[in-house]
Structures are given as C-alpha cells and as structure tokens.
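Have a look at work_26.cif; it's mmCIF, C-alpha atoms and all ligand atoms:
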```cif
data_protein
#
loop_
_atom_site.label_atom_id
_atom_site.label_comp_id
_atom_site.auth_asym_id
_atom_site.auth_seq_id
_atom_site.Cartn_x
_atom_site.Cartn_y
_atom_site.Cartn_z
CA MET A 1 -55.17 151.29 -79.88
CA GLU A 2 -57.84 148.60 -79.48
CA LEU A 3 -56.95 148.60 -75.79
CA LEU A 4 -57.75 152.27 -75.46
CA SER A 5 -61.51 152.07 -75.60
CA ASP A 6 -61.83 155.55 -74.10
CA PHE A 7 -59.69 157.35 -76.69
CA THR A 8 -62.80 159.27 -77.74
CA ARG A 9 -63.00 160.78 -74.26
CA TYR A 10 -59.48 162.19 -74.61
CA ALA A 11 -60.19 163.36 -78.16
CA ASP A 12 -63.40 165.09 -77.04
CA GLN A 13 -61.54 166.82 -74.23
CA LEU A 14 -58.76 168.08 -76.53
CA ALA A 15 -61.15 169.28 -79.22
CA GLY A 16 -63.05 171.19 -76.52
CA ILE A 17 -59.82 172.82 -75.31
CA ALA A 18 -58.88 173.85 -78.86
CA ARG A 19 -62.33 175.45 -79.45
CA TRP A 20 -62.03 177.22 -76.07
CA ALA A 21 -58.61 178.63 -77.09
CA TYR A 22 -60.05 179.79 -80.42
CA ARG A 23 -62.91 181.59 -78.67
CA ASN A 24 -60.33 183.41 -76.54
CA GLY A 25 -58.47 184.61 -79.64
CA TRP A 26 -55.42 182.44 -79.03
CA ALA A 27 -55.69 180.17 -82.09
CA PRO A 28 -56.04 182.23 -85.29
CA GLY A 29 -55.64 180.93 -88.83
CA THR A 30 -55.68 177.16 -88.00
CA SER A 31 -52.62 177.69 -85.77
CA THR A 32 -51.82 176.13 -82.38
CA ASN A 33 -51.87 172.58 -81.07
CA TYR A 34 -53.00 170.68 -77.97
CA SER A 35 -52.03 167.30 -76.58
CA VAL A 36 -52.69 165.01 -73.63
CA ARG A 37 -50.63 162.10 -72.38
CA LEU A 38 -52.42 158.75 -72.62
CA PRO A 39 -52.40 156.04 -69.92
CA GLU A 40 -49.66 153.42 -70.09
CA TYR A 41 -52.08 150.72 -71.22
CA ALA A 42 -52.56 152.67 -74.46
CA ALA A 43 -48.97 151.88 -75.56
CA PRO A 44 -47.60 152.19 -78.16
CA ALA A 45 -49.83 155.27 -78.22
CA PHE A 46 -48.10 157.86 -76.01
CA TYR A 47 -50.17 160.99 -76.37
CA ALA A 48 -53.14 162.36 -78.30
CA ILE A 49 -52.67 165.55 -80.32
CA THR A 50 -54.65 167.80 -82.64
CA SER A 51 -54.01 167.21 -86.34
CA SER A 52 -52.25 169.75 -88.52
CA GLY A 53 -53.96 172.62 -90.32
CA VAL A 54 -57.38 172.28 -88.70
CA ASP A 55 -59.62 175.27 -87.97
CA LYS A 56 -59.78 175.41 -84.17
CA GLU A 57 -63.17 177.13 -84.23
CA THR A 58 -64.85 173.94 -85.43
CA ILE A 59 -62.40 171.14 -84.56
CA GLY A 60 -64.01 167.89 -83.43
CA PRO A 61 -62.77 164.62 -81.87
CA GLU A 62 -62.39 163.05 -85.33
CA GLN A 63 -59.50 165.50 -85.91
CA ILE A 64 -57.47 164.21 -82.97
CA LEU A 65 -54.99 161.35 -83.35
CA ALA A 66 -52.58 159.40 -81.16
CA VAL A 67 -48.82 159.26 -81.70
CA ASP A 68 -46.07 157.07 -80.26
CA GLN A 69 -42.92 158.10 -78.37
CA HIS A 70 -41.33 159.10 -81.69
CA GLY A 71 -44.24 161.27 -82.81
CA GLN A 72 -45.47 158.69 -85.36
CA PRO A 73 -49.27 158.21 -85.74
CA VAL A 74 -50.73 155.01 -84.30
CA ASN A 75 -54.31 155.74 -85.40
CA GLY A 76 -56.16 158.30 -87.52
CA PHE A 77 -53.95 157.50 -90.51
CA ASN A 78 -55.95 159.88 -92.69
CA LEU A 79 -54.73 162.72 -90.43
CA ARG A 80 -51.39 164.50 -90.19
CA PRO A 81 -50.15 165.10 -86.63
CA SER A 82 -49.42 168.72 -85.78
CA THR A 83 -46.18 170.00 -87.28
CA GLU A 84 -45.11 170.84 -83.73
CA THR A 85 -45.54 167.25 -82.48
CA LEU A 86 -41.82 166.96 -81.72
CA LEU A 87 -41.98 170.01 -79.43
CA HIS A 88 -44.79 168.39 -77.44
CA LEU A 89 -42.72 165.22 -77.23
CA MET A 90 -39.79 167.25 -75.89
CA VAL A 91 -41.98 168.78 -73.14
CA TYR A 92 -43.29 165.33 -72.10
CA ARG A 93 -39.70 164.06 -72.03
CA VAL A 94 -38.24 166.95 -70.04
CA ALA A 95 -41.08 168.23 -67.86
CA GLY A 96 -42.99 164.98 -67.27
CA ALA A 97 -46.20 166.81 -68.17
CA GLY A 98 -49.67 165.27 -68.41
CA ALA A 99 -50.94 167.77 -70.99
CA VAL A 100 -49.24 170.35 -73.25
CA PHE A 101 -51.05 173.28 -74.87
CA HIS A 102 -49.60 175.74 -77.39
CA THR A 103 -51.30 179.08 -78.11
CA HIS A 104 -50.68 181.99 -80.51
CA SER A 105 -51.92 185.08 -78.69
CA ILE A 106 -51.00 188.61 -79.72
CA ALA A 107 -49.50 189.25 -76.26
CA ALA A 108 -47.26 186.15 -76.43
CA ALA A 109 -46.10 186.97 -79.96
CA LEU A 110 -45.32 190.61 -79.13
CA LEU A 111 -43.67 190.13 -75.73
CA SER A 112 -41.56 187.17 -76.88
CA ARG A 113 -40.26 189.23 -79.75
CA LEU A 114 -39.59 192.19 -77.50
CA VAL A 115 -37.53 190.05 -75.10
CA GLY A 116 -35.86 188.08 -77.92
CA PRO A 117 -34.35 184.58 -78.19
CA PHE A 118 -32.64 183.27 -75.05
CA GLY A 119 -34.03 186.13 -73.00
CA HIS A 120 -36.40 185.71 -70.06
CA LEU A 121 -39.77 187.25 -69.38
CA THR A 122 -40.26 187.67 -65.62
CA LEU A 123 -43.84 187.96 -64.42
CA SER A 124 -44.41 189.36 -60.95
CA GLY A 125 -46.93 191.30 -58.90
CA TRP A 126 -50.04 190.01 -60.67
CA GLU A 127 -52.66 188.48 -58.37
CA LEU A 128 -53.71 185.90 -60.95
CA LEU A 129 -50.25 184.26 -60.80
CA LYS A 130 -51.69 182.46 -57.75
CA GLY A 131 -53.64 180.34 -60.24
CA LEU A 132 -50.37 178.56 -61.09
CA ASP A 133 -49.61 175.33 -59.26
CA GLY A 134 -47.48 176.05 -56.17
CA VAL A 135 -47.76 179.85 -56.30
CA GLU A 136 -49.22 181.35 -53.13
CA ASP A 137 -48.09 184.94 -53.31
CA HIS A 138 -48.58 187.47 -56.10
CA ASP A 139 -45.11 188.82 -55.27
CA CYS A 140 -43.39 185.69 -56.57
CA GLU A 141 -41.41 185.69 -59.82
CA VAL A 142 -42.54 183.40 -62.61
CA VAL A 143 -39.96 183.20 -65.39
CA LEU A 144 -40.82 182.27 -68.96
CA PRO A 145 -37.70 181.58 -71.03
CA VAL A 146 -37.84 182.75 -74.66
CA TYR A 147 -36.38 180.36 -77.23
CA PRO A 148 -35.72 181.07 -80.92
CA ASN A 149 -38.30 180.13 -83.55
CA SER A 150 -37.68 177.81 -86.51
CA GLN A 151 -39.64 175.83 -89.11
CA ASP A 152 -37.21 172.90 -88.75
CA MET A 153 -38.72 171.11 -85.75
CA ARG A 154 -35.91 168.56 -85.36
CA ALA A 155 -33.29 171.32 -85.34
CA LEU A 156 -35.42 173.42 -83.00
CA VAL A 157 -35.80 170.57 -80.49
CA ALA A 158 -32.06 169.79 -80.64
CA HIS A 159 -31.36 173.47 -80.09
CA ILE A 160 -33.69 174.23 -77.19
CA GLU A 161 -33.90 170.92 -75.29
CA PRO A 162 -30.55 171.46 -73.48
CA HIS A 163 -31.73 174.93 -72.40
CA LEU A 164 -35.06 173.56 -71.24
CA ARG A 165 -33.31 170.83 -69.21
CA ARG A 166 -31.00 173.37 -67.59
CA GLU A 167 -33.56 176.11 -66.93
CA ARG A 168 -36.43 173.82 -65.90
CA PRO A 169 -39.23 176.38 -66.21
CA SER A 170 -42.20 175.22 -64.13
CA TYR A 171 -45.09 176.19 -66.39
CA GLY A 172 -44.00 177.00 -69.92
CA PHE A 173 -41.85 178.90 -72.37
CA LEU A 174 -42.21 181.29 -75.29
CA LEU A 175 -40.98 180.93 -78.87
CA ALA A 176 -39.84 184.32 -80.17
CA GLY A 177 -42.40 186.02 -82.41
CA HIS A 178 -44.46 182.84 -82.33
CA GLY A 179 -46.37 181.87 -79.16
CA LEU A 180 -46.61 180.19 -75.80
CA TYR A 181 -46.08 176.57 -74.70
CA VAL A 182 -47.72 175.64 -71.39
CA TRP A 183 -48.10 172.35 -69.54
CA GLY A 184 -49.68 170.87 -66.44
CA LYS A 185 -50.14 167.57 -64.62
CA ASN A 186 -53.41 167.01 -66.47
CA VAL A 187 -55.79 168.75 -68.88
CA ALA A 188 -57.50 170.78 -66.13
CA GLU A 189 -54.21 172.11 -64.74
CA ALA A 190 -52.74 172.87 -68.18
CA LYS A 191 -55.96 174.75 -69.07
CA ARG A 192 -55.73 176.79 -65.86
CA HIS A 193 -52.05 177.54 -66.52
CA VAL A 194 -52.82 178.74 -70.05
CA GLU A 195 -55.64 180.94 -68.78
CA VAL A 196 -53.44 182.46 -66.05
CA LEU A 197 -50.39 183.02 -68.25
CA GLU A 198 -52.35 184.45 -71.18
CA PHE A 199 -54.15 186.83 -68.78
CA VAL A 200 -50.85 187.94 -67.19
CA LEU A 201 -49.13 188.27 -70.59
CA GLN A 202 -51.98 190.53 -71.66
CA CYS A 203 -51.52 192.59 -68.47
CA GLU A 204 -47.77 192.83 -69.12
CA ARG A 205 -48.37 193.92 -72.67
CA GLU A 206 -50.81 196.64 -71.64
CA ALA A 207 -48.56 197.77 -68.78
CA ARG A 208 -45.59 198.09 -71.10
CA THR A 209 -47.66 199.89 -73.72
CA TYR A 210 -48.83 202.45 -71.18
CA GLY A 211 -45.47 202.72 -69.39
CA ARG A 212 -46.25 200.83 -66.21
CA ALA A 213 -43.97 197.82 -66.67
CA SER A 214 -43.74 195.54 -63.64
CA SER A 215 -40.81 193.52 -64.89
CA SER A 216 -38.26 193.26 -67.65
ZN ZN A 301 -47.16 177.44 -83.18
#
```
Please go through the file and, once you have read it, give me the structure as structure tokens.
Amino acid sequence: MELLSDFTRYADQLAGIARWAYRNGWAPGTSTNYSVRLPEYAAPAFYAITSSGVDKETIGPEQILAVDQHGQPVNGFNLRPSTETLLHLMVYRVAGAGAVFHTHSIAAALLSRLVGPFGHLTLSGWELLKGLDGVEDHDCEVVLPVYPNSQDMRALVAHIEPHLRRERPSYGFLLAGHGLYVWGKNVAEAKRHVEVLEFVLQCEREARTYGRASSS
C-alpha cells in the first residue's frame, strides 16, 4: 500500500458517502457497507471498503481499509472488513463496477420481501429513472432481481453469482428482507444510482400502499 499515497482520498470519499447514506435513513444500526475499486498500481489492494460494525453517522476515513482480490485486508489491520466484503467482490467480478454501495432502507427491505427470493421488481414510469446511466425515457423498465438472504456469505455468493451472471442487471439487486446493492462506473455514478433507486423504491412502496402500483 506504500504505492497508494492517495488512499486517504478514497477513504475520505467513502466515509462521506456512508455519512450521506446515514443522513438519508438508509444505514440504521451500524448496517450497510460501501466500497470503491482502487487503481491497478495499488495492487495487491483491490478495493477500499468500510469496516464492520461502524456507526455510519460518524464514520471517518480511519475506519476504511483496503482488501485484496480475495477480500483479505492489506492495511488497517486493526479493522475488520465488512461482513459483506465477499458480496462486493462478487459485484466487481461480475459487473466490472468501479464502486459498490449497499443500503438498508425501509422501502428496499419491504419491497424485496414482498417480491420474495428469485422474484423481480420492475420499475417503470418514474421520471427519476432517467438519472440511471443509459436511461432516456421514464417509460423504460428497470429490473431489480431479488436474491435470498443469508448470514453465510460464502454460501450466498456461490448461490447468487450464477443468477447474477445470467441476469446481468445493469444497476443493482435486492436481498430479500435485507436491502439494496447498487453499483456504478465510479463513486459519483454509484451515488447517483443509489439516490435514484432509493427514491423510486420509496415511490413504489407508497404507490403500492395506496393502491396505485405501477408494476409488479
Ligand atoms: Zn446488509
């Protein structure tokens, strides 16, 4: 990591994203995790990620660490990488993302449970969908697959990676009763995608509650 003199810049950026998610109500009870892919010259460090069990209201850059392509820490040895490190690794492997953010909003938890494991949540008709990369018309269909939840991360990755490879969702997926995984080419795009999807999930939730569902 000596080569990565600007690690602090990445750590600052991630800590800022985590505090932003907390302020939006998407990171209660020390939950959620955020990562960014590091440049190739940082090898063996592959990506930076928030450490486990940290309050996202007050998280700082000293609570961010780098891990290698196997999810093992390469710095910050006093920290524990997020328990969901292997899921981030899977998204980098499959989607070629530049940043991966995972939130725990009420809308994501409720809707994912309503749809259920291996179902699909189709989002359509919401103007804000145009905030997603490549979407130019609110009438498009953005599909979020819903995968089952588990506390065994290795088993979970083995279980859902084949589905993720086959379905190739463009922006993210839901874990049933758990939350949302979103990615983008870089931190700015992943942030925008989270903001758009959380807004639209909230719209969907309200629409379904009041009987004006736009999709199923
Ligand atoms: Zn989670």
Around ligand ZN 301 (chain A), out to 10 Å and counting all atoms listed in the file, which residues are there? I want them as a CSV table (one decimal) with C-alpha atoms, keeping the file's coordinate frame.
```
chain,number,residue,atom,x,y,z
A,27,ALA,CA,-55.7,180.2,-82.1
A,30,THR,CA,-55.7,177.2,-88.0
A,31,SER,CA,-52.6,177.7,-85.8
A,32,THR,CA,-51.8,176.1,-82.4
A,33,ASN,CA,-51.9,172.6,-81.1
A,82,SER,CA,-49.4,168.7,-85.8
A,83,THR,CA,-46.2,170.0,-87.3
A,84,GLU,CA,-45.1,170.8,-83.7
A,87,LEU,CA,-42.0,170.0,-79.4
A,102,HIS,CA,-49.6,175.7,-77.4
A,103,THR,CA,-51.3,179.1,-78.1
A,104,HIS,CA,-50.7,182.0,-80.5
A,149,ASN,CA,-38.3,180.1,-83.6
A,151,GLN,CA,-39.6,175.8,-89.1
A,175,LEU,CA,-41.0,180.9,-78.9
A,177,GLY,CA,-42.4,186.0,-82.4
A,178,HIS,CA,-44.5,182.8,-82.3
A,179,GLY,CA,-46.4,181.9,-79.2
A,180,LEU,CA,-46.6,180.2,-75.8
A,181,TYR,CA,-46.1,176.6,-74.7
```
task: Skip Gln63 of chain A itself and residues of its chain fewer than 5 positions away, then list as number ranges by chain all residues within 9 Å of it, counting only C-alpha atoms.
output: A: 11, 15, 49-52, 54, 76, 79
query: Smallest atom-to-atom distance to Asp152 of chain A: which of A:Gly29, A:His120, A:Leu86, A:Phe77, using only C-alpha atoms?
result: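 Among the listed residues, the smallest separation from Asp152 of chain A belongs to A:Leu86.
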query: Any idea what's packed within 10 Å of Gly16 of chain A, counting all atoms listed in the file, ignoring anything in its chain fewer than 2 positions away? Could you give it as a list in words?
result: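 So the residues in contact are Tyr10, Ala11, Asp12, Gln13, Leu14, Ala18, Arg19, Trp20, Ala21, Tyr22, Lys56, Glu57, Thr58, Ile59, Gly60 and Pro61 of chain A.
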field: Gap from atom CA of Val36 of chain A to atom CA of Ala48 of chain A - Å, one decimal
entry: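 These atoms are spaced 5.4 Å apart.
The environment of Val94 of chain A within 8 Å, counting all atoms listed in the file and disregarding residues fewer than 6 places along the same chain, consists of Glu161, Leu164 and Arg165 of chain A.
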Store the residues picked out above, limited to C-alpha atoms, as a short mmCIF file (atom, residue, chain, number, x, y, z; two decimals), in the frame of the given file.
```cif
data_model
loop_
_atom_site.label_atom_id
_atom_site.label_comp_id
_atom_site.auth_asym_id
_atom_site.auth_seq_id
_atom_site.Cartn_x
_atom_site.Cartn_y
_atom_site.Cartn_z
CA GLU A 161 -33.90 170.92 -75.29
CA LEU A 164 -35.06 173.56 -71.24
CA ARG A 165 -33.31 170.83 -69.21
#
```
- request: For segment 125-130 of chain A, list every protein, DNA or RNA residue within 10 Å, evaluated using only C-alpha atoms, and leave out those in the same chain fewer than 5 positions away; present the list as JSON, numbers by chain.
  value: {"A": [135, 136, 137, 138, 139, 140, 141, 142, 193, 195, 196, 197, 199, 200, 203, 204, 214, 215]}
query: atom CA of Phe7 of chain A and atom CA of Asn75 of chain A, how far apart in Å?
result: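 Interatomic distance here is 10.4 Å.
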Computed interatomic separation between atom CA of Ala107 of chain A and atom CA of Lys191 of chain A (Å): 17.4 Å
If you take every atom of segment 186-197 of chain A that the file lists and fit an axis-aligned box around them with 8 Å extra on each side, what centre and edge lengths come out in Å to one decimal, as JSON?
```
{"center_x": -53.9, "center_y": 175.0, "center_z": -67.4, "size_x": 23.1, "size_y": 32.0, "size_z": 21.3}
```
- prompt: In terms of the shortest atom-to-atom distance over all atoms listed in the file, which of A:Ala42, A:Ala207, A:Val67, A:Ala99 is closest to Val187 of chain A?
  reply: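 That would be A:Ala99, the residue with the smallest distance to Val187 of chain A.
Among A:Ser35, A:Leu110, A:Pro169, A:Met153, the residue with the shortest atom-to-atom distance to Leu201 of chain A, counting only C-alpha atoms, is A:Leu110.
Each of A:Val194, A:Ala158, A:Leu111, A:Leu38 was checked against Tyr92 of chain A using all atoms listed in the file; the smallest atom-to-atom distance is that of A:Leu38.
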query: Excluding same-chain residues fewer than 4 positions from Arg113 of chain A, what lies within 8 Å of it counting all atoms listed in the file, as number ranges by chain?
result: A: 109, 117, 176-177
message: Which residue is closest to Pro162 of chain A? Choose from A:Ala45, A:Thr209, A:Gly119, A:Tyr147 and count all atoms listed in the file.
response: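 Counting all atoms listed in the file, the residue closest to Pro162 of chain A is A:Tyr147.
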task: Name the closest residue to Ile17 of chain A among the candidates A:Glu40, A:Glu189, A:Asp68, A:Glu167; distances are taken between atoms, counting all atoms listed in the file.
output: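 Closest to Ile17 of chain A of all the choices is A:Glu189.
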